[in-house]
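Participant: structure.txt is reproduced below (compact mmCIF, C-alpha atoms).
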# COMPACT_ATOMS: atom_id res chain seq x y z
CA MET P 63 18.35 69.66 71.86
CA ASN P 64 20.26 70.15 75.10
CA VAL P 65 22.96 72.72 74.46
CA ARG P 66 24.96 71.75 77.53
CA LYS P 67 25.29 68.17 76.27
CA LEU P 68 26.89 69.46 73.08
CA LEU P 69 29.03 72.08 74.74
CA LEU P 70 30.81 69.84 77.25
CA PRO P 71 32.30 67.40 74.74
CA ALA P 72 33.24 70.33 72.51
CA LEU P 73 35.03 72.00 75.39
CA ALA P 74 36.84 68.78 76.27
CA LEU P 75 38.03 68.43 72.68
CA LEU P 76 39.24 72.01 72.67
CA LEU P 77 41.21 71.52 75.89
CA ALA P 78 42.76 68.31 74.61
CA ALA P 79 43.79 70.03 71.39
CA CYS P 80 45.81 72.77 73.06
CA ALA P 81 48.83 71.78 75.06
CA GLY P 82 48.73 72.88 78.68
CA PRO P 83 50.89 75.79 79.76
CA ASP P 84 54.51 75.46 80.86
CA ARG P 85 54.56 75.53 84.66
CA ILE P 86 57.30 76.69 86.99
CA VAL P 87 57.33 76.26 90.79
CA LEU P 88 59.88 77.91 93.07
CA LEU P 89 60.69 75.73 96.10
CA PRO P 90 62.48 76.32 99.39
CA ASP P 91 65.87 74.58 99.28
CA ASP P 92 67.00 71.99 101.84
CA GLN P 93 68.01 74.78 104.25
CA GLY P 94 64.62 76.47 103.82
CA ARG P 95 66.03 79.34 101.76
CA VAL P 96 64.07 80.60 98.76
CA GLY P 97 65.79 81.95 95.66
CA LYS P 98 64.44 83.92 92.74
CA LEU P 99 63.41 83.10 89.19
CA ASN P 100 62.64 85.48 86.38
CA VAL P 101 60.13 83.90 84.00
CA GLY P 102 60.35 85.83 80.75
CA ASN P 103 59.03 85.70 77.20
CA ALA P 104 57.84 88.07 74.49
CA GLY P 105 54.84 89.01 76.68
CA GLY P 106 56.97 90.26 79.58
CA ASP P 107 58.63 89.15 82.79
CA THR P 108 57.18 87.51 85.89
CA LEU P 109 59.37 87.34 89.00
CA LEU P 110 58.99 84.43 91.43
CA ASP P 111 60.53 85.10 94.84
CA SER P 112 58.48 83.26 97.48
CA ALA P 113 58.14 79.62 98.47
CA TYR P 114 55.71 77.69 96.25
CA ALA P 115 55.15 80.66 93.94
CA THR P 116 54.17 79.43 90.48
CA ALA P 117 54.16 80.75 86.94
CA SER P 118 52.15 79.38 84.00
CA ALA P 119 52.91 80.44 80.46
CA SER P 120 51.48 79.54 77.08
CA GLY P 121 51.27 80.99 73.61
CA GLY P 122 53.87 83.70 74.14
CA HIS P 123 51.73 85.47 76.74
CA LYS P 124 53.34 86.84 79.88
CA ALA P 125 53.47 84.11 82.55
CA GLU P 126 50.65 84.20 85.10
CA ALA P 127 51.80 84.19 88.70
CA GLY P 128 50.11 81.83 91.15
CA HIS P 129 50.69 79.79 94.25
CA THR P 130 50.72 76.15 95.25
CA ASP P 131 51.69 74.20 98.37
CA ALA P 132 54.05 71.47 99.49
CA ASP P 133 51.47 68.68 99.36
CA SER P 134 50.44 69.38 95.76
CA VAL P 135 54.07 69.64 94.68
CA HIS P 136 55.00 66.34 96.29
CA GLN P 137 52.07 64.64 94.57
CA GLU P 138 52.61 66.09 91.11
CA PHE P 139 56.41 66.06 91.05
CA ALA P 140 57.17 63.04 93.27
CA VAL P 141 59.12 61.08 90.64
CA VAL P 142 61.32 63.92 89.41
CA LEU P 143 62.05 65.13 92.96
CA ALA P 144 63.01 61.60 94.02
CA ALA P 145 65.57 61.50 91.18
CA LEU P 146 67.54 64.54 92.43
CA PRO P 147 71.10 63.48 93.35
CA PRO P 148 72.19 63.97 96.98
CA ALA P 149 73.50 67.44 97.84
CA PRO P 150 77.29 67.69 98.19
CA VAL P 151 78.51 67.19 101.78
CA SER P 152 81.76 67.83 103.64
CA TYR P 153 83.30 66.05 106.62
CA THR P 154 86.28 66.98 108.77
CA LEU P 155 88.74 64.59 110.43
CA PHE P 156 91.44 65.73 112.90
CA PHE P 157 95.04 64.57 113.30
CA ILE P 158 97.62 64.17 116.07
CA SER P 159 100.24 66.94 116.10
CA ASP P 160 103.01 66.56 113.49
CA THR P 161 101.63 63.24 112.14
CA ASP P 162 99.22 61.90 109.56
CA ASP P 163 97.58 59.75 112.27
CA LEU P 164 93.97 60.55 113.17
CA THR P 165 93.13 61.62 116.73
CA ALA P 166 91.34 59.00 118.82
CA ASP P 167 88.03 60.84 118.36
CA SER P 168 88.40 61.08 114.62
CA ARG P 169 89.62 57.51 114.36
CA ALA P 170 86.43 56.44 116.10
CA MET P 171 84.29 58.53 113.72
CA ALA P 172 86.08 57.57 110.54
CA PRO P 173 84.20 54.32 109.81
CA ALA P 174 80.81 56.05 110.02
CA ILE P 175 82.00 58.92 107.79
CA LEU P 176 83.50 56.57 105.25
CA ALA P 177 80.29 54.55 105.26
CA GLU P 178 78.31 57.73 104.55
CA ILE P 179 80.62 58.54 101.64
CA ALA P 180 80.17 55.02 100.32
CA LYS P 181 76.42 55.70 99.98
CA PHE P 182 77.00 58.42 97.38
CA PRO P 183 76.29 57.11 93.90
CA ALA P 184 79.38 57.41 91.67
CA ALA P 185 80.99 59.51 94.43
CA GLU P 186 83.49 62.20 93.45
CA VAL P 187 85.73 62.92 96.45
CA VAL P 188 88.20 65.73 97.15
CA VAL P 189 90.38 65.47 100.28
CA ILE P 190 92.13 68.65 101.43
CA GLY P 191 94.73 68.42 104.19
CA HIS P 192 95.59 71.29 106.58
CA THR P 193 98.02 71.94 109.45
CA ASP P 194 98.33 74.32 112.38
CA THR P 195 100.87 77.15 112.21
CA GLN P 196 103.80 75.37 113.92
CA GLY P 197 106.72 74.80 111.51
CA SER P 198 107.74 76.15 108.12
CA ASP P 199 105.52 76.55 105.07
CA ASP P 200 107.36 73.82 103.19
CA TYR P 201 107.12 71.38 106.08
CA ASN P 202 103.40 72.04 106.51
CA ASP P 203 102.68 71.80 102.79
CA LYS P 204 104.08 68.28 102.84
CA LEU P 205 102.40 67.35 106.14
CA SER P 206 99.02 68.56 104.91
CA LEU P 207 99.38 66.57 101.69
CA ASP P 208 100.39 63.49 103.72
CA ARG P 209 97.23 63.90 105.79
CA ALA P 210 95.06 64.07 102.68
CA GLY P 211 96.93 61.06 101.28
CA ALA P 212 96.31 59.06 104.46
CA VAL P 213 92.55 59.64 104.13
CA LYS P 214 92.69 58.72 100.44
CA GLN P 215 94.40 55.44 101.30
CA GLN P 216 91.63 54.59 103.77
CA LEU P 217 89.03 55.28 101.07
CA ILE P 218 90.90 53.11 98.57
CA ALA P 219 91.13 50.35 101.20
CA LEU P 220 87.33 50.48 101.38
CA GLY P 221 87.09 49.91 97.66
CA PHE P 222 86.84 53.45 96.31
CA ASP P 223 88.07 54.03 92.78
CA ALA P 224 91.34 55.97 93.19
CA SER P 225 90.63 57.93 90.00
CA ARG P 226 87.54 59.45 91.67
CA ILE P 227 89.56 60.80 94.65
CA SER P 228 91.71 63.90 94.32
CA VAL P 229 93.95 65.21 97.11
CA ALA P 230 95.43 68.59 97.91
CA GLY P 231 97.50 69.99 100.77
CA ARG P 232 96.89 73.58 101.81
CA GLY P 233 99.57 73.70 104.53
CA LYS P 234 98.77 76.42 107.04
CA ARG P 235 97.04 78.73 104.54
CA GLU P 236 93.41 77.99 105.46
CA LEU P 237 93.11 77.87 109.23
CA LEU P 238 89.82 76.71 110.68
CA VAL P 239 90.70 78.70 113.82
CA PRO P 240 92.81 81.78 113.03
CA THR P 241 96.01 81.94 115.12
CA ALA P 242 99.38 83.70 115.06
CA ASP P 243 102.29 81.83 113.46
CA GLY P 244 103.86 79.05 115.53
CA VAL P 245 100.73 78.28 117.57
CA PRO P 246 99.66 74.67 118.22
CA GLU P 247 95.91 74.39 117.53
CA PRO P 248 94.33 70.95 117.33
CA ARG P 249 91.33 72.19 115.30
CA ASN P 250 93.64 73.32 112.50
CA ARG P 251 95.24 69.86 112.11
CA ARG P 252 92.62 68.42 109.86
CA ALA P 253 91.49 67.04 106.54
CA GLU P 254 88.29 68.12 104.84
CA ILE P 255 86.56 65.49 102.77
CA LEU P 256 84.29 66.97 100.11
CA VAL P 257 81.88 64.50 98.55
CA ARG P 258 79.37 64.83 95.73
CA MET V 28 80.56 63.45 113.02
CA LYS V 29 80.78 66.85 111.40
CA ALA V 30 78.74 67.01 108.24
CA THR V 31 78.34 70.38 106.61
CA ARG V 32 76.07 71.08 103.71
CA LEU V 33 78.44 72.56 101.22
CA GLY V 34 76.17 74.43 98.90
CA PHE V 35 78.46 76.59 96.91
CA LEU V 36 81.77 75.81 98.60
CA PHE V 37 82.68 72.50 96.97
CA ALA V 38 86.39 72.37 96.23
CA THR V 39 86.75 76.11 95.88
CA GLY V 40 90.22 76.81 94.59
CA ILE V 41 91.06 73.13 94.38
CA LEU V 42 90.73 71.21 91.13
CA ALA V 43 91.62 74.52 89.54
CA THR V 44 91.28 74.30 85.81
CA ALA V 45 91.66 76.67 82.94
CA ALA V 46 88.52 78.05 81.35
CA ALA V 47 86.34 75.11 80.46
CA GLN V 48 86.55 73.68 76.98
CA ALA V 49 83.62 72.34 75.00
CA ASP V 50 84.81 68.76 75.52
CA ASP V 51 85.08 69.09 79.30
CA ILE V 52 82.76 66.98 81.41
CA ALA V 53 79.66 68.98 82.35
CA GLY V 54 78.21 66.50 84.82
CA ILE V 55 77.89 62.89 85.97
CA PHE V 56 74.77 60.70 86.17
CA LYS V 57 74.13 59.87 89.82
CA VAL V 58 70.61 58.46 89.41
CA VAL V 59 69.28 56.38 86.51
CA ASN V 60 65.88 54.64 86.75
CA GLY V 61 64.15 52.83 83.87
CA GLY V 62 64.79 53.90 80.27
CA VAL V 63 67.25 56.81 80.06
CA SER V 64 69.45 57.68 77.10
CA VAL V 65 71.85 60.38 75.99
CA GLU V 66 71.72 61.64 72.42
CA ARG V 67 75.22 62.72 71.42
CA LYS V 68 76.16 63.68 67.86
CA GLY V 69 73.15 61.83 66.49
CA VAL V 70 73.77 58.62 68.44
CA ALA V 71 71.57 57.45 71.33
CA LEU V 72 73.64 55.99 74.18
CA PRO V 73 72.07 54.19 77.16
CA ALA V 74 72.71 56.16 80.35
CA ALA V 75 74.29 54.57 83.42
CA ILE V 76 75.28 55.78 86.88
CA GLY V 77 78.78 57.29 86.65
CA MET V 78 78.42 58.24 82.95
CA ALA V 79 79.53 61.75 82.00
CA VAL V 80 77.43 64.30 80.11
CA TYR V 81 78.78 67.09 77.92
CA GLN V 82 77.62 70.33 76.37
CA SER V 83 75.31 69.66 73.38
CA ASP V 84 74.04 66.33 74.78
CA GLN V 85 70.31 65.69 75.00
CA ILE V 86 69.00 63.58 77.86
CA VAL V 87 65.86 61.59 77.13
CA THR V 88 63.74 59.55 79.55
CA ALA V 89 61.17 56.91 78.63
CA ALA V 90 57.70 56.65 80.18
CA ASP V 91 59.28 54.54 82.97
CA GLY V 92 62.45 56.62 83.21
CA SER V 93 63.94 59.23 85.52
CA ALA V 94 67.49 60.49 85.98
CA GLY V 95 69.62 62.74 88.20
CA ILE V 96 72.86 64.48 87.26
CA THR V 97 75.36 66.38 89.44
CA PHE V 98 77.14 69.11 87.47
CA GLU V 99 80.70 70.42 87.82
CA ASP V 100 79.44 73.59 89.53
CA ASN V 101 77.51 71.44 92.08
CA ALA V 102 74.16 72.11 90.42
CA LEU V 103 71.76 69.16 90.72
CA LEU V 104 69.27 68.42 87.93
CA SER V 105 66.73 65.64 87.62
CA LEU V 106 64.31 64.60 84.90
CA GLY V 107 60.98 62.88 85.35
CA PRO V 108 59.41 60.35 82.95
CA SER V 109 58.84 61.12 79.23
CA SER V 110 61.18 64.09 79.35
CA ARG V 111 63.75 65.60 77.03
CA LEU V 112 66.43 68.08 78.14
CA ALA V 113 69.02 69.68 75.85
CA LEU V 114 72.32 70.86 77.41
CA ASP V 115 72.72 73.84 75.12
CA ARG V 116 75.77 75.38 76.78
CA PHE V 117 77.88 74.47 79.77
CA ALA V 118 81.18 76.03 80.83
CA PHE V 119 82.58 76.44 84.34
CA ASN V 120 85.84 77.78 85.71
CA SER V 121 86.29 76.20 89.14
CA THR V 122 88.75 78.90 90.20
CA THR V 123 86.77 82.03 89.31
CA HIS V 124 83.30 80.40 89.21
CA ASP V 125 82.67 82.16 85.91
CA GLY V 126 80.51 80.06 83.68
CA VAL V 127 77.39 79.59 81.65
CA PHE V 128 74.71 76.95 82.06
CA GLU V 129 71.86 76.92 79.53
CA THR V 130 69.42 74.08 79.08
CA THR V 131 66.14 73.62 77.21
CA LEU V 132 63.37 71.43 78.59
CA ARG V 133 61.48 70.31 75.48
CA SER V 134 59.06 67.99 77.26
CA GLY V 135 58.36 66.47 80.65
CA LYS V 136 59.46 67.56 84.10
CA LEU V 137 62.70 68.98 85.46
CA ALA V 138 63.88 69.66 89.03
CA VAL V 139 66.86 71.97 89.62
CA VAL V 140 69.03 72.92 92.57
CA SER V 141 71.30 75.60 91.17
CA GLY V 142 75.05 75.64 91.84
CA LYS V 143 78.03 77.93 91.76
CA ILE V 144 77.42 79.34 88.26
CA ALA V 145 74.02 80.78 89.21
CA HIS V 146 75.34 81.92 92.59
CA HIS V 147 78.32 83.73 91.12
CA GLN V 148 76.73 85.60 88.27
CA LEU V 149 73.22 86.91 87.69
CA ASP V 150 71.46 85.20 84.76
CA ALA V 151 74.45 82.97 83.90
CA MET V 152 72.06 80.02 84.37
CA LYS V 153 69.04 79.80 82.11
CA VAL V 154 66.39 77.16 81.56
CA LYS V 155 64.28 77.48 78.42
CA THR V 156 60.88 75.93 77.80
CA PRO V 157 58.72 76.21 74.68
CA ASN V 158 56.98 79.26 76.17
CA THR V 159 59.49 80.83 78.58
CA VAL V 160 63.10 81.60 79.41
CA LEU V 161 63.92 81.25 83.12
CA GLY V 162 66.65 83.46 84.50
CA VAL V 163 67.87 81.54 87.54
CA ARG V 164 68.90 83.49 90.62
CA GLY V 165 68.65 80.40 92.85
CA THR V 166 68.00 77.91 94.09
CA LYS V 167 65.51 75.04 93.95
CA PHE V 168 62.67 74.88 91.45
CA LEU V 169 60.53 72.70 89.22
CA VAL V 170 59.66 73.07 85.56
CA GLU V 171 56.96 71.22 83.61
CA VAL V 172 56.37 71.56 79.91
CA GLY V 173 52.66 71.52 79.09
CA GLY V 174 51.18 69.00 76.76
Any chance you could give the structure as structure tokens?
Facilitator:
Amino acid sequence: MNVRKLLLPALALLLAACAGPDRIVLLPDDQGRVGKLNVGNAGGDTLLDSAYATASASGGHKAEAGHTDADSVHQEFAVVLAALPPAPVSYTLFFISDTDDLTADSRAMAPAILAEIAKFPAAEVVVIGHTDTQGSDDYNDKLSLDRAGAVKQQLIALGFDASRISVAGRGKRELLVPTADGVPEPRNRRAEILVR
Amino acid sequence: MKATRLGFLFATGILATAAAQADDIAGIFKVVNGGVSVERKGVALPAAIGMAVYQSDQIVTAADGSAGITFEDNALLSLGPSSRLALDRFAFNSTTHDGVFETTLRSGKLAVVSGKIAHHQLDAMKVKTPNTVLGVRGTKFLVEVGG
């Protein structure tokens, strides 16, 4: 009798009977940065700290380190990777001095930005208004909130659910370009739109 | 157009809340494909885009299902087909960024982009599988439970 003929089906049965190991793959993020993962269990710890480093663990044994590549990952994990939600994004719009009216440049950009925001599924939006350092704290607190409110109104006009948009005014507390008090600075007259 | 990837900066200091309570929203479904449900207090609810998830929920995908959730700390998680993920613990303070984020992948495939909880505090984010506990120090990774 041919031993090999018996052995192969037996081996196949054995493999089918035990579940495969748990697998972990560390990926570069969208900016190309690579983090770290500690894969631990009763058998010990395995540290993953390079792109496409892998760990496989089964039966309480210490995870075995290994390596894969981008092509294999995109084949094996295509569906789960495609289901990742979009990364949070921020946009900045600028205003005319002492008003909640957008500058001509920002007014021209606004439709494209708002259209990008509209692509986010079930978007949660935070709008934060800012001013330059001209004027009092109280005046700028109100002006910054008015700027955020003006952006919120544009979003609502486009059909956004008002309950998904929160606004805040930071006055002259968070300058994009640091200046002394009382200095006109167009880049500080702005609203940040944070979307996720 | 100025578009900045936010990473860990989303709404820092805004939306300030007290320490998170157990009934606070943990995350929101942003992607739902095929059969996806949430098991909450013994009841299976069909998932939909915009639906909230909470600590103690289990997310279950069918053979044709996949789902993506954005969490309050900006972490992004997605599940592949035939997967089950338990949200064991979730708490996040948006002012201090203190928090805890512990999940268990019981079956299937999980993709993670960690958020402010993992960035702020070493080992505050953990993913368990039947054979391992992952201490997450960032950022993007995949997990598959064998079987």
Participant: Please list as a list in words every residue within 6 Å of Gln85 in chain V, counting only C-alpha atoms and excluding residues in the same chain fewer than 3 positions away.
Facilitator: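 What passes the distance filter is Val65, Glu66, Leu112 and Ala113 of chain V.
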Participant: Check the smallest atom-to-atom distance from each of V:Ile55, V:Ala71, V:Ala118, V:Leu169 to chain P using all atoms listed in the file, then report the winner.
Facilitator: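 Nearest to chain P: V:Leu169.
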Participant: Given a cut-off of 7 Å, which residues of chain P touch chain V, counting all atoms listed in the file, written out as number ranges by chain?
Facilitator: P: 81-91, 96-103, 119-122, 141-143, 145-147, 150-154, 171, 183-184, 188, 256
Participant: Measuring between all atoms listed in the file, which one of V:Ala75, V:Val127, V:Val63, V:Ala53 shows the shortest distance to Ile144 in chain V?
Facilitator: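 Once distances to Ile144 in chain V are computed over all atoms listed in the file, the minimum belongs to V:Val127.
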Participant: What separation in Å, quoted to one decimal, exists between CA of His129 in chain P and CA of Gln93 in chain P?
Facilitator: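 Interatomic distance, CA of His129 in chain P to CA of Gln93 in chain P: 20.6 Å.
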Participant: Record the distance separating CA of Ser159 in chain P and CA of Arg226 in chain P, expressed in Å with one decimal.
Facilitator: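 Straight-line distance from CA of Ser159 in chain P to CA of Arg226 in chain P works out to 28.5 Å.
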Participant: Rank nothing, just name the residue among P:Pro246, P:Gly191, P:Gly105, P:Gly211 nearest to Ala224 in chain P, using only C-alpha atoms.
Facilitator: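 Answer, going by the shortest atom-to-atom distance: P:Gly211.
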